[in-house]
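J.: Input target23.txt, format and content: compact mmCIF, C-alpha atoms.
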```txt
# COMPACT_ATOMS: atom_id res chain seq x y z
CA MET A 177 10.83 0.82 -10.67
CA ILE A 178 7.64 2.19 -9.18
CA VAL A 179 7.66 1.73 -5.40
CA THR A 180 4.16 0.24 -5.38
CA HIS A 181 5.49 -2.69 -7.43
CA CYS A 182 8.15 -3.79 -4.93
CA MET A 183 6.51 -5.24 -1.84
CA ASP A 184 9.82 -6.47 -0.39
CA GLY A 185 11.01 -2.89 -0.40
CA VAL A 186 7.80 -1.65 1.23
CA ARG A 187 8.01 -4.38 3.92
CA GLN A 188 11.65 -3.57 4.68
CA ALA A 189 10.96 0.18 4.81
CA ALA A 190 7.98 -0.33 7.12
CA LEU A 191 10.09 -2.51 9.42
CA GLU A 192 12.80 0.15 9.58
CA LEU A 193 10.23 2.88 10.23
CA MET A 194 8.84 0.90 13.17
CA LYS A 195 12.34 0.32 14.53
CA GLU A 196 13.09 4.04 14.17
CA SER A 197 9.91 4.81 16.03
CA LEU A 198 10.91 2.39 18.81
CA GLY A 199 14.22 4.16 19.38
CA ALA A 200 13.15 7.71 18.50
CA ALA A 201 13.13 9.04 22.07
CA ASP A 202 16.60 7.64 22.80
CA VAL A 203 18.00 8.98 19.52
CA GLU A 204 16.59 12.41 20.28
CA ARG A 205 18.13 12.38 23.75
CA GLN A 206 21.51 11.35 22.33
CA LEU A 207 21.33 14.07 19.69
CA ASP A 208 20.48 16.67 22.34
CA ASN A 209 23.49 15.58 24.40
CA LEU A 210 25.82 15.63 21.40
CA CYS A 211 24.57 19.04 20.28
CA ALA A 212 25.20 20.34 23.78
CA GLN A 213 28.80 19.13 23.36
CA ASP A 214 29.12 20.80 19.94
CA ALA A 215 29.63 17.45 18.23
CA ASP A 216 30.49 17.52 14.53
CA GLU A 217 28.09 16.40 11.81
CA ALA A 218 29.81 13.03 11.32
CA THR A 219 29.31 12.18 14.98
CA LEU A 220 25.66 13.22 14.88
CA ALA A 221 25.11 11.15 11.73
CA LYS A 222 26.34 8.01 13.54
CA VAL A 223 23.48 8.30 16.03
CA ILE A 224 20.76 8.52 13.38
CA PRO A 225 19.43 5.06 12.36
CA VAL A 226 20.71 3.89 9.00
CA ARG A 227 18.11 3.40 6.28
CA THR A 228 18.86 0.68 3.79
CA MET A 229 16.27 1.40 1.11
CA ALA A 230 15.74 4.21 -1.38
CA ASP A 231 13.73 7.11 0.06
CA GLY A 232 10.59 6.47 -1.95
CA PHE A 233 9.87 3.24 -0.08
CA TYR A 234 9.62 5.07 3.24
CA SER A 235 7.04 7.56 1.94
CA TYR A 236 4.90 4.78 0.55
CA ALA A 237 5.29 2.60 3.66
CA ALA A 238 4.21 5.58 5.79
CA HIS A 239 1.11 5.98 3.59
CA ILE A 240 0.24 2.29 3.99
CA LEU A 241 0.84 2.44 7.75
CA TRP A 242 -1.59 5.40 7.88
CA MET A 243 -4.15 3.36 5.93
CA ARG A 244 -3.64 0.38 8.26
CA LYS A 245 -4.38 2.60 11.24
CA MET A 246 -7.52 3.97 9.58
CA ILE A 247 -8.78 0.47 8.79
CA ALA A 248 -7.98 -0.70 12.34
CA SER A 249 -10.11 2.20 13.59
CA ASN A 250 -13.02 0.99 11.44
CA VAL A 251 -12.84 3.98 9.12
CA GLU A 252 -14.28 3.01 5.75
CA ILE A 253 -11.66 3.71 3.19
CA SER A 254 -11.19 2.50 -0.37
CA VAL A 255 -8.22 0.23 -0.98
CA LEU A 256 -6.54 0.02 -4.37
CA ALA A 257 -4.89 -3.20 -5.50
CA ASP A 258 -1.34 -2.02 -4.85
CA GLU A 259 -2.38 -0.69 -1.46
CA ALA A 260 -3.88 -4.10 -0.59
CA GLU A 261 -0.55 -5.70 -1.49
CA GLY A 262 1.14 -3.06 0.62
CA LEU A 263 -1.11 -3.81 3.59
CA CYS A 264 -0.13 -7.50 3.37
CA ALA A 265 3.55 -6.58 3.21
CA ILE A 266 3.11 -4.29 6.21
CA GLU A 267 1.44 -7.10 8.19
CA ASP A 268 4.54 -9.25 7.61
CA ALA A 269 6.71 -6.38 8.80
CA VAL A 270 4.53 -5.87 11.89
CA HIS A 271 4.79 -9.56 12.83
CA GLU A 272 8.56 -9.49 12.40
CA PHE A 273 8.79 -6.32 14.47
CA GLU A 274 6.60 -7.75 17.24
CA ARG A 275 8.64 -10.97 17.32
CA ASP A 276 11.99 -9.16 17.50
CA HIS A 277 10.81 -6.51 19.96
CA PRO A 278 8.53 -8.14 22.51
CA PRO A 279 6.79 -5.98 25.09
CA CYS A 280 7.73 -6.07 28.77
CA PRO A 281 5.16 -8.30 30.53
CA LYS A 282 4.96 -5.80 33.37
CA CYS A 283 4.84 -2.32 31.79
CA GLY A 284 4.21 -3.18 28.12
CA LYS A 285 7.16 -1.19 26.73
CA ARG A 286 8.67 -2.83 23.67
CA GLN A 287 12.28 -3.92 24.05
CA TYR A 288 15.16 -3.37 21.66
CA SER A 289 15.83 -7.09 21.51
CA SER A 290 14.05 -10.38 22.19
CA THR A 291 16.99 -11.38 24.42
CA ALA A 292 17.06 -8.26 26.62
CA MET A 293 18.02 -8.95 30.26
CA ARG A 294 16.11 -6.09 31.80
CA CYS A 295 13.23 -3.80 30.79
CA ARG A 296 14.55 -0.64 29.12
CA ASN A 297 11.89 1.40 30.90
CA GLY A 298 13.85 2.94 33.76
CA ARG A 299 10.78 3.14 35.99
CA CYS A 300 9.97 -0.55 35.45
CA GLY A 301 13.39 -2.18 35.15
CA MET A 302 11.92 -5.68 35.31
CA ASP A 303 14.53 -8.44 35.35
CA PHE A 304 13.56 -10.78 32.49
CA ARG A 305 16.03 -13.49 33.54
CA LYS A 306 13.79 -14.39 36.46
CA GLN A 307 10.98 -15.08 33.98
CA ARG A 308 13.02 -17.46 31.85
CA MET B 127 -9.14 41.20 1.24
CA GLU B 128 -6.94 44.18 0.72
CA ALA B 129 -4.64 45.26 -2.05
CA GLU B 130 -1.48 47.23 -1.79
CA THR B 131 1.38 48.22 -4.03
CA ALA B 132 4.78 46.67 -3.56
CA LYS B 133 7.96 48.67 -3.28
CA HIS B 134 10.72 47.82 -5.68
CA ALA B 135 14.33 48.70 -5.15
CA THR B 136 16.65 49.49 -8.03
CA SER B 137 20.26 48.41 -8.21
CA GLY B 138 22.83 46.63 -10.39
CA PRO B 139 22.34 43.80 -12.83
CA SER B 140 22.19 40.91 -10.31
CA LYS B 141 19.13 38.69 -9.94
CA ASP B 142 18.36 40.44 -6.67
CA ALA B 143 18.17 43.66 -8.59
CA LEU B 144 15.25 42.46 -10.70
CA ASN B 145 12.85 44.23 -8.48
CA PHE B 146 10.20 46.81 -8.91
CA LEU B 147 9.50 50.45 -8.54
CA LEU B 148 7.13 51.81 -5.99
CA GLU B 149 4.55 54.32 -6.92
CA GLU B 150 1.53 55.21 -4.94
CA GLU B 151 -1.68 53.97 -6.45
CA GLU B 152 -5.24 53.56 -5.34
CA PRO B 153 -5.61 49.91 -4.34
CA LYS B 154 -7.86 47.72 -6.49
CA THR B 155 -10.49 45.80 -4.66
CA LEU B 156 -10.75 42.74 -6.85
CA LEU B 157 -8.06 40.69 -8.48
CA MET B 158 -9.38 40.53 -12.04
CA LEU B 159 -8.46 37.07 -13.30
CA ASP B 160 -9.23 37.81 -16.95
CA GLU B 161 -6.94 40.80 -17.30
CA PRO B 162 -3.68 40.20 -19.19
CA ARG B 163 -0.73 40.14 -16.85
CA VAL B 164 2.03 42.70 -17.14
CA ILE B 165 5.27 42.25 -15.18
CA PRO B 166 7.81 45.08 -15.10
CA ILE B 167 11.37 44.61 -13.88
CA ARG B 168 14.32 46.94 -13.61
CA GLU B 169 17.90 45.87 -14.14
CA GLY B 170 20.41 48.60 -13.57
CA LYS B 171 18.98 51.67 -15.27
CA ARG B 172 16.93 49.76 -17.80
CA ASP B 173 13.27 48.86 -17.45
CA TYR B 174 11.85 45.76 -19.07
CA THR B 175 8.16 45.00 -19.31
CA PHE B 176 6.75 41.57 -20.03
CA TYR B 177 3.18 41.16 -21.27
CA PHE B 178 1.41 37.83 -20.88
CA ARG B 179 -1.80 36.39 -22.17
CA ARG B 180 -4.09 34.90 -19.56
CA ILE B 181 -2.45 31.82 -18.02
CA LEU B 182 -4.96 29.00 -18.33
CA GLN B 183 -5.32 25.84 -16.31
CA THR B 184 -3.76 23.83 -19.17
CA ASP B 185 -0.69 26.09 -18.98
CA TRP B 186 -0.40 25.38 -15.26
CA LEU B 187 -0.86 21.65 -15.85
CA ASN B 188 2.00 21.75 -18.35
CA TYR B 189 4.06 23.62 -15.78
CA PHE B 190 3.29 21.08 -13.04
CA ASN B 191 4.12 18.23 -15.42
CA GLY B 192 7.55 19.77 -16.00
CA LEU B 193 8.55 19.97 -12.34
CA TYR B 194 11.22 17.59 -11.07
CA LEU B 195 11.92 16.56 -7.49
CA ALA B 196 14.32 13.74 -6.63
CA THR B 197 16.39 12.57 -3.67
CA ARG B 198 19.40 10.30 -3.36
CA ASN B 199 21.20 9.06 -0.28
CA ASP B 200 24.95 9.28 -0.50
CA GLY B 201 26.48 7.75 2.59
CA THR B 202 24.88 9.53 5.51
CA SER B 203 23.90 12.60 3.52
CA GLN B 204 20.87 13.12 1.31
CA LEU B 205 21.16 14.86 -2.04
CA ASN B 206 18.00 16.62 -3.18
CA THR B 207 17.55 17.63 -6.80
CA THR B 208 14.84 20.05 -7.76
CA ASP B 209 14.17 21.73 -11.07
CA PHE B 210 11.45 24.33 -11.16
CA ASN B 211 13.24 26.82 -13.40
CA THR B 212 12.97 24.79 -16.60
CA ALA B 213 9.22 24.42 -16.26
CA GLY B 214 9.00 28.08 -15.25
CA ILE B 215 10.87 29.25 -18.34
CA GLU B 216 8.68 27.01 -20.52
CA LEU B 217 5.61 28.58 -18.93
CA PHE B 218 7.11 32.02 -19.60
CA GLU B 219 7.77 31.23 -23.27
CA ALA B 220 4.31 29.72 -23.76
CA THR B 221 2.39 32.64 -22.33
CA VAL B 222 4.41 35.80 -23.00
CA THR B 223 3.00 37.94 -25.82
CA LYS B 224 5.26 40.99 -25.87
CA VAL B 225 8.52 42.15 -24.30
CA VAL B 226 9.48 45.81 -24.18
CA GLY B 227 12.89 47.09 -23.12
CA TYR B 228 15.30 45.24 -25.38
CA SER B 229 16.74 46.99 -28.45
CA ARG B 230 13.46 46.27 -30.21
CA GLU B 231 10.05 45.09 -29.14
CA LEU B 232 9.87 41.29 -29.01
CA THR B 233 6.60 39.86 -30.25
CA THR B 234 7.17 36.41 -31.80
CA ALA B 235 7.82 32.96 -30.36
CA ALA B 236 11.30 33.00 -31.91
CA ASP B 237 11.98 36.34 -30.22
CA PHE B 238 10.93 35.08 -26.82
CA LYS B 239 13.65 32.40 -26.94
CA LYS B 240 16.11 35.31 -26.96
CA VAL B 241 14.96 36.66 -23.61
CA LEU B 242 17.81 36.21 -21.17
CA PRO B 243 17.26 33.47 -18.57
CA ARG B 244 18.26 35.97 -15.90
CA HIS B 245 15.09 37.83 -16.90
CA SER B 246 12.74 34.98 -17.78
CA ALA B 247 13.43 32.87 -14.68
CA PRO B 248 12.62 35.58 -12.10
CA VAL B 249 9.68 36.88 -14.15
CA ALA B 250 8.32 33.32 -14.33
CA GLY B 251 8.79 33.25 -10.55
CA LEU B 252 6.68 36.40 -10.23
CA LEU B 253 3.90 34.74 -12.24
CA ARG B 254 3.87 32.16 -9.43
CA SER B 255 4.14 34.70 -6.67
CA VAL B 256 1.51 33.30 -4.29
CA PHE B 257 1.99 32.89 -0.55
CA ILE B 258 0.10 31.72 2.50
CA SER B 259 -1.40 34.88 3.93
CA GLU B 260 -0.51 36.22 7.33
CA VAL B 261 -3.61 38.39 7.41
CA GLU B 262 -5.68 37.57 10.47
CA ASP B 263 -9.29 38.41 11.07
CA ASP B 264 -11.74 38.01 13.91
CA LYS B 265 -14.71 36.93 11.81
CA PRO B 266 -16.87 34.14 13.25
CA LEU B 267 -15.85 30.64 12.25
CA ASP B 268 -18.15 28.56 10.02
CA CYS B 269 -18.11 24.93 11.12
CA ASP B 270 -19.23 23.73 7.68
CA SER B 271 -16.42 25.31 5.74
CA VAL B 272 -12.69 25.80 5.99
CA GLU B 273 -11.27 29.15 4.96
CA THR B 274 -7.77 29.58 3.59
CA LEU B 275 -6.14 32.90 2.76
CA ILE B 276 -3.41 33.67 0.29
CA ASP B 277 -1.45 36.74 -0.80
CA ALA B 278 -0.43 37.21 -4.41
CA HIS B 279 1.43 39.51 -6.75
CA TRP B 280 -0.50 39.75 -9.95
CA SER B 281 0.15 42.43 -12.51
CA GLN B 282 1.21 45.97 -13.23
CA THR B 283 -1.71 48.32 -13.01
CA THR B 284 -2.01 51.70 -14.62
CA SER B 285 1.34 53.25 -13.78
CA PRO B 286 4.56 51.83 -15.21
CA GLY B 287 6.88 50.03 -12.83
CA GLN B 288 4.17 49.25 -10.35
CA ILE B 289 2.78 45.88 -9.40
CA THR B 290 -0.12 45.21 -7.11
CA GLN B 291 0.01 42.81 -4.22
CA TYR B 292 -3.29 41.36 -3.09
CA LYS B 293 -3.49 40.31 0.52
CA GLY B 294 -5.93 38.00 2.22
CA LEU B 295 -7.59 36.48 -0.85
CA VAL B 296 -10.19 34.15 0.62
CA HIS B 297 -11.00 30.59 -0.52
CA ARG B 298 -13.74 28.68 1.35
CA PHE B 299 -13.83 24.90 1.11
CA MET B 300 -15.90 22.02 2.35
CA PRO B 301 -13.83 20.02 4.85
CA PRO B 302 -12.10 17.19 2.94
CA ASP B 303 -13.35 13.65 3.58
CA VAL B 304 -11.11 10.70 4.36
CA GLU B 305 -11.00 9.58 0.72
CA GLN B 306 -9.79 12.99 -0.38
CA ARG B 307 -7.17 13.00 2.36
CA LYS B 308 -6.13 9.50 1.28
CA ARG B 309 -5.77 10.61 -2.34
CA TYR B 310 -3.67 13.55 -1.19
CA MET B 311 -1.39 11.33 0.90
CA ARG B 312 -1.10 8.72 -1.83
CA GLY B 313 -0.28 11.47 -4.32
CA GLY B 314 2.85 12.35 -2.37
CA ALA B 315 3.76 8.76 -1.53
CA ILE B 316 4.08 7.37 -5.04
CA SER B 317 7.53 7.57 -6.51
CA ARG B 318 9.85 5.86 -8.94
CA VAL B 319 13.17 4.45 -7.81
CA VAL B 320 15.98 4.53 -10.35
CA GLY B 321 19.13 2.45 -9.96
CA GLY B 322 18.00 -0.47 -7.78
CA THR B 323 15.96 -0.45 -4.61
CA ARG B 324 18.73 0.17 -2.06
CA LYS B 325 19.67 3.46 -0.47
CA GLY B 326 22.07 4.59 -3.20
CA ALA B 327 19.19 4.67 -5.66
CA THR B 328 17.55 7.89 -6.79
CA THR B 329 13.91 8.45 -5.90
CA VAL B 330 11.91 10.56 -8.33
CA TYR B 331 8.76 11.80 -6.61
CA SER B 332 5.35 12.32 -8.06
CA LEU B 333 4.15 15.83 -7.38
CA ARG B 334 0.68 16.48 -6.05
CA ASN B 335 -0.06 19.74 -7.83
CA LYS B 336 -2.32 18.23 -10.49
CA LEU B 337 -4.22 16.38 -7.79
CA LEU B 338 -4.54 19.65 -5.87
CA LEU B 339 -6.36 21.22 -8.82
CA GLN B 340 -8.87 18.34 -8.79
CA LEU B 341 -9.33 18.59 -5.03
CA TYR B 342 -9.87 22.33 -5.33
CA ASP B 343 -12.67 21.85 -7.86
CA GLU B 344 -14.30 19.21 -5.63
CA LEU B 345 -14.12 21.19 -2.39
CA ILE B 346 -14.44 24.87 -3.25
CA GLN B 347 -17.54 26.68 -2.00
CA SER B 348 -16.79 30.36 -2.47
CA VAL B 349 -14.01 32.90 -2.87
CA GLU B 350 -13.55 36.55 -1.96
CA GLY B 351 -11.34 39.11 -3.62
CA TYR B 352 -11.46 37.76 -7.17
CA GLY B 353 -13.34 39.02 -10.17
CA VAL B 354 -13.95 38.35 -13.84
CA ALA B 355 -15.36 40.78 -16.42
CA GLY B 356 -15.57 43.49 -13.81
CA LYS B 357 -17.76 41.46 -11.45
CA PRO B 358 -16.92 39.46 -8.34
CA LEU B 359 -16.46 35.73 -8.85
CA GLU B 360 -19.43 34.11 -7.13
CA SER B 361 -20.86 30.84 -8.44
CA ILE B 362 -18.99 27.60 -7.86
CA GLU B 363 -19.02 26.81 -11.58
CA ASP B 364 -17.46 30.18 -12.35
CA ILE B 365 -14.84 29.71 -9.66
CA ARG B 366 -13.87 26.28 -10.99
CA ARG B 367 -13.62 27.63 -14.53
CA GLU B 368 -12.00 30.99 -13.94
CA MET B 369 -9.70 30.59 -10.93
CA ASP B 370 -5.97 30.69 -11.61
CA GLY B 371 -4.41 27.22 -11.40
CA TYR B 372 -1.54 28.26 -9.16
CA HIS B 373 -3.89 30.01 -6.76
CA LYS B 374 -6.01 26.85 -6.66
CA ALA B 375 -3.05 24.66 -5.74
CA GLU B 376 -1.75 27.05 -3.09
CA ALA B 377 -5.14 27.61 -1.48
CA VAL B 378 -6.29 24.00 -1.30
CA ALA B 379 -2.91 22.72 -0.10
CA GLN B 380 -3.48 24.63 3.14
CA LEU B 381 -6.40 22.30 3.90
CA PHE B 382 -3.86 19.53 4.26
CA ASN B 383 -1.53 21.68 6.36
CA THR B 384 1.14 21.90 3.75
CA GLN B 385 2.31 23.84 0.72
CA PRO B 386 2.33 22.32 -2.75
CA GLU B 387 5.74 20.80 -3.47
CA ALA B 388 6.57 23.44 -6.04
CA ALA B 389 5.85 26.36 -3.74
CA ALA B 390 7.54 24.69 -0.78
CA ALA B 391 10.69 24.00 -2.74
CA GLU B 392 10.76 27.53 -4.11
CA ALA B 393 10.27 28.95 -0.64
CA ALA B 394 13.14 26.82 0.73
```
Represent the supplied structure as structure tokens.

T.:
Amino acid sequence: MIVTHCMDGVRQAALELMKESLGAADVERQLDNLCAQDADEATLAKVIPVRTMADGFYSYAAHILWMRKMIASNVEISVLADEAEGLCAIEDAVHEFERDHPPCPKCGKRQYSSTAMRCRNGRCGMDFRKQR
Amino acid sequence: MEAETAKHATSGPSKDALNFLLEEEEPKTLLMLDEPRVIPIREGKRDYTFYFRRILQTDWLNYFNGLYLATRNDGTSQLNTTDFNTAGIELFEATVTKVVGYSRELTTAADFKKVLPRHSAPVAGLLRSVFISEVEDDKPLDCDSVETLIDAHWSQTTSPGQITQYKGLVHRFMPPDVEQRKRYMRGGAISRVVGGTRKGATTVYSLRNKLLLQLYDELIQSVEGYGVAGKPLESIEDIRREMDGYHKAEAVAQLFNTQPEAAAAEAA
């Protein structure tokens, strides 16, 4: 199967890429700590987010995310039919991501979950329970 | 651009030993693209010399079409499969014209099949011996063009056992536009997934080398250090027609801050 023909795969890969991006700083910090403790490869692997799709979907999703950014910046760029389908799939993924990871109303940092109790930004630390 | 001769060690019959001899020679100024290529190697005490016809763009396209790059996730690890040797040996067999050093001189297509893979694979690698240059200069920068530099091994010159390395071969390009960058990115993003869509499936990647040849022809403005028929290569039409395909791919890939997949995988 050619990756441009499977929009479900592209949507899922884009969603996972956005989630990886959300947690990238924390993952890097955890990896640094584990490396400092001489952790074995299996332990390090547990920290890295699990990808559920074949690799090719992530490359194509990254290409479509780049195109989306260009279009959002008003750069005129040609769009092929499969890329247009990809852009629609990515929009679905973006909406799902934004719903599941709402931003803190105070500092704007996206949260790991829509039911988080407190802002994950240490400097903000807003208590969301008071808002509910 | 400068040219210098490479030093070649001699040793036993291992692949590492397929190196060259060093002999002092007056450096050539221009890399003459239309000269037949001659690659000498030494294995143990024996010298072998491989003569090639000019490698044309169609030969390089066939080579690029034969490359294979795939990945597969197995649990938490990723298995990468690359095959550049098969295409390299096919390129070797399609372009070699004479081999000296075996019990008799090999001159026919049937003979060339008899060349040992431990010879043909590294010699095919030397035909693709092109690298990003580390030569630095302090020339003024032209805002309307982007310059990339490559180093390359090319061919034996007058003395046996000697191969010339050209350093700082210059390619000047127009800056790529957003459409060209998009084509480049798309070229690396298209792949085929075999065995379902989930992570256990194998991804077979498209390689961008053919696209790089097109981008080169669209963007090239001038080159330095190359020649044809004893004269420097100057007009854009001549450059498009005469430039070696592998040099094109390597030079233009630098515009996009990367190496072509083939060269990157070989370097790894």

J.: I'd like the contact shell of segment 200-212 of chain A - 7 Å cut-off, only C-alpha atoms, skipping same-chain residues fewer than 5 positions apart - returned as a ChimeraX atom specification.

T.: /A:220,223-224

J.: Tell me as a PyMOL selection string which residues belonging to chain B come within 9 Å of chain A, counting only C-alpha atoms.

T.: chain B and resi 197-199+202-203+304-305+308+311-312+314-331

J.: How would the residues just picked look written out with C-alpha atoms as a JSON list (two decimals), in the coordinates of the input?

T.:
```json
[["chain", "number", "residue", "atom", "x", "y", "z"],
["B", 197, "THR", "CA", 16.39, 12.57, -3.67],
["B", 198, "ARG", "CA", 19.40, 10.30, -3.36],
["B", 199, "ASN", "CA", 21.20, 9.06, -0.28],
["B", 202, "THR", "CA", 24.88, 9.53, 5.51],
["B", 203, "SER", "CA", 23.90, 12.60, 3.52],
["B", 304, "VAL", "CA", -11.11, 10.70, 4.36],
["B", 305, "GLU", "CA", -11.00, 9.58, 0.72],
["B", 308, "LYS", "CA", -6.13, 9.50, 1.28],
["B", 311, "MET", "CA", -1.39, 11.33, 0.90],
["B", 312, "ARG", "CA", -1.10, 8.72, -1.83],
["B", 314, "GLY", "CA", 2.85, 12.35, -2.37],
["B", 315, "ALA", "CA", 3.76, 8.76, -1.53],
["B", 316, "ILE", "CA", 4.08, 7.37, -5.04],
["B", 317, "SER", "CA", 7.53, 7.57, -6.51],
["B", 318, "ARG", "CA", 9.85, 5.86, -8.94],
["B", 319, "VAL", "CA", 13.17, 4.45, -7.81],
["B", 320, "VAL", "CA", 15.98, 4.53, -10.35],
["B", 321, "GLY", "CA", 19.13, 2.45, -9.96],
["B", 322, "GLY", "CA", 18.00, -0.47, -7.78],
["B", 323, "THR", "CA", 15.96, -0.45, -4.61],
["B", 324, "ARG", "CA", 18.73, 0.17, -2.06],
["B", 325, "LYS", "CA", 19.67, 3.46, -0.47],
["B", 326, "GLY", "CA", 22.07, 4.59, -3.20],
["B", 327, "ALA", "CA", 19.19, 4.67, -5.66],
["B", 328, "THR", "CA", 17.55, 7.89, -6.79],
["B", 329, "THR", "CA", 13.91, 8.45, -5.90],
["B", 330, "VAL", "CA", 11.91, 10.56, -8.33],
["B", 331, "TYR", "CA", 8.76, 11.80, -6.61]]
```

J.: Rounded to one decimal, what separation in Å do you get between atom CA of Ala213 of chain B and atom CA of Leu193 of chain B?

T.: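 If I compute the distance from atom CA of Ala213 of chain B to atom CA of Leu193 of chain B, I get 6.0 Å.
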
J.: Would you mind reading off the distance between atom CA of Lys357 of chain B and atom CA of Gln340 of chain B, one decimal, in Å?

T.: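 Here the two named atoms are 24.9 Å from each other.
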
J.: At a cut-off of 7 Å, using only C-alpha atoms, what residues contact segment 288-290 of chain A? Leave out same-chain residues fewer than 4 positions from it and give the result as a PyMOL selection string.

T.: chain A and resi 276-278

J.: Report, in Å with one decimal, the straight-line distance from atom CA of Leu263 of chain A to atom CA of Gln188 of chain A.

T.: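 Taking atom CA of Leu263 of chain A and atom CA of Gln188 of chain A, their separation equals 12.8 Å.
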
J.: Give me the residues within 8 Å of Met183 of chain A as a PyMOL selection string, counting all atoms listed in the file and dropping any in the same chain fewer than 5 places off.

T.: chain A and resi 261-262+265

J.: Restricting the output to C-alpha atoms, write the selected residues as a PDB file, in the coordinates of the input.

T.:
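In the end it all went to part-v4.pdb:
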```pdb
ATOM      1  CA  GLU A 261      -0.550  -5.700  -1.490  1.00  0.00           C
ATOM      2  CA  GLY A 262       1.140  -3.060   0.620  1.00  0.00           C
ATOM      3  CA  ALA A 265       3.550  -6.580   3.210  1.00  0.00           C
TER       4      ALA A 265
END
```

J.: Give me the residues near Arg179 of chain B as a ChimeraX atom specification, where near means some atom within 7 Å (using all atoms listed in the file) and where sequence neighbours in that chain fewer than 5 positions away do not count.

T.: /B:162-163,221-223

J.: Limited to C-alpha atoms, could you put the picked residues into a file as a JSON list (two decimals), in the frame of the given file?

T.:
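See out.json below for the written result:
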```
[["chain", "number", "residue", "atom", "x", "y", "z"],
["B", 162, "PRO", "CA", -3.68, 40.20, -19.19],
["B", 163, "ARG", "CA", -0.73, 40.14, -16.85],
["B", 221, "THR", "CA", 2.39, 32.64, -22.33],
["B", 222, "VAL", "CA", 4.41, 35.80, -23.00],
["B", 223, "THR", "CA", 3.00, 37.94, -25.82]]
```

J.: Excluding segment 301-305 of chain A and its own-chain neighbours fewer than 5 positions away, which residues fall within 10 Å of it when counting all atoms listed in the file? Please give them as a PyMOL selection string.

T.: chain A and resi 280-283+291-296

J.: Select, from B:Asp237, B:Asp270, B:Glu216, B:Asp277, the residue with the minimum atom-to-atom distance to Asn188 of chain B, counting only C-alpha atoms.

T.: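 Of B:Asp237, B:Asp270, B:Glu216, B:Asp277, the one nearest Asn188 of chain B is B:Glu216, counting only C-alpha atoms.
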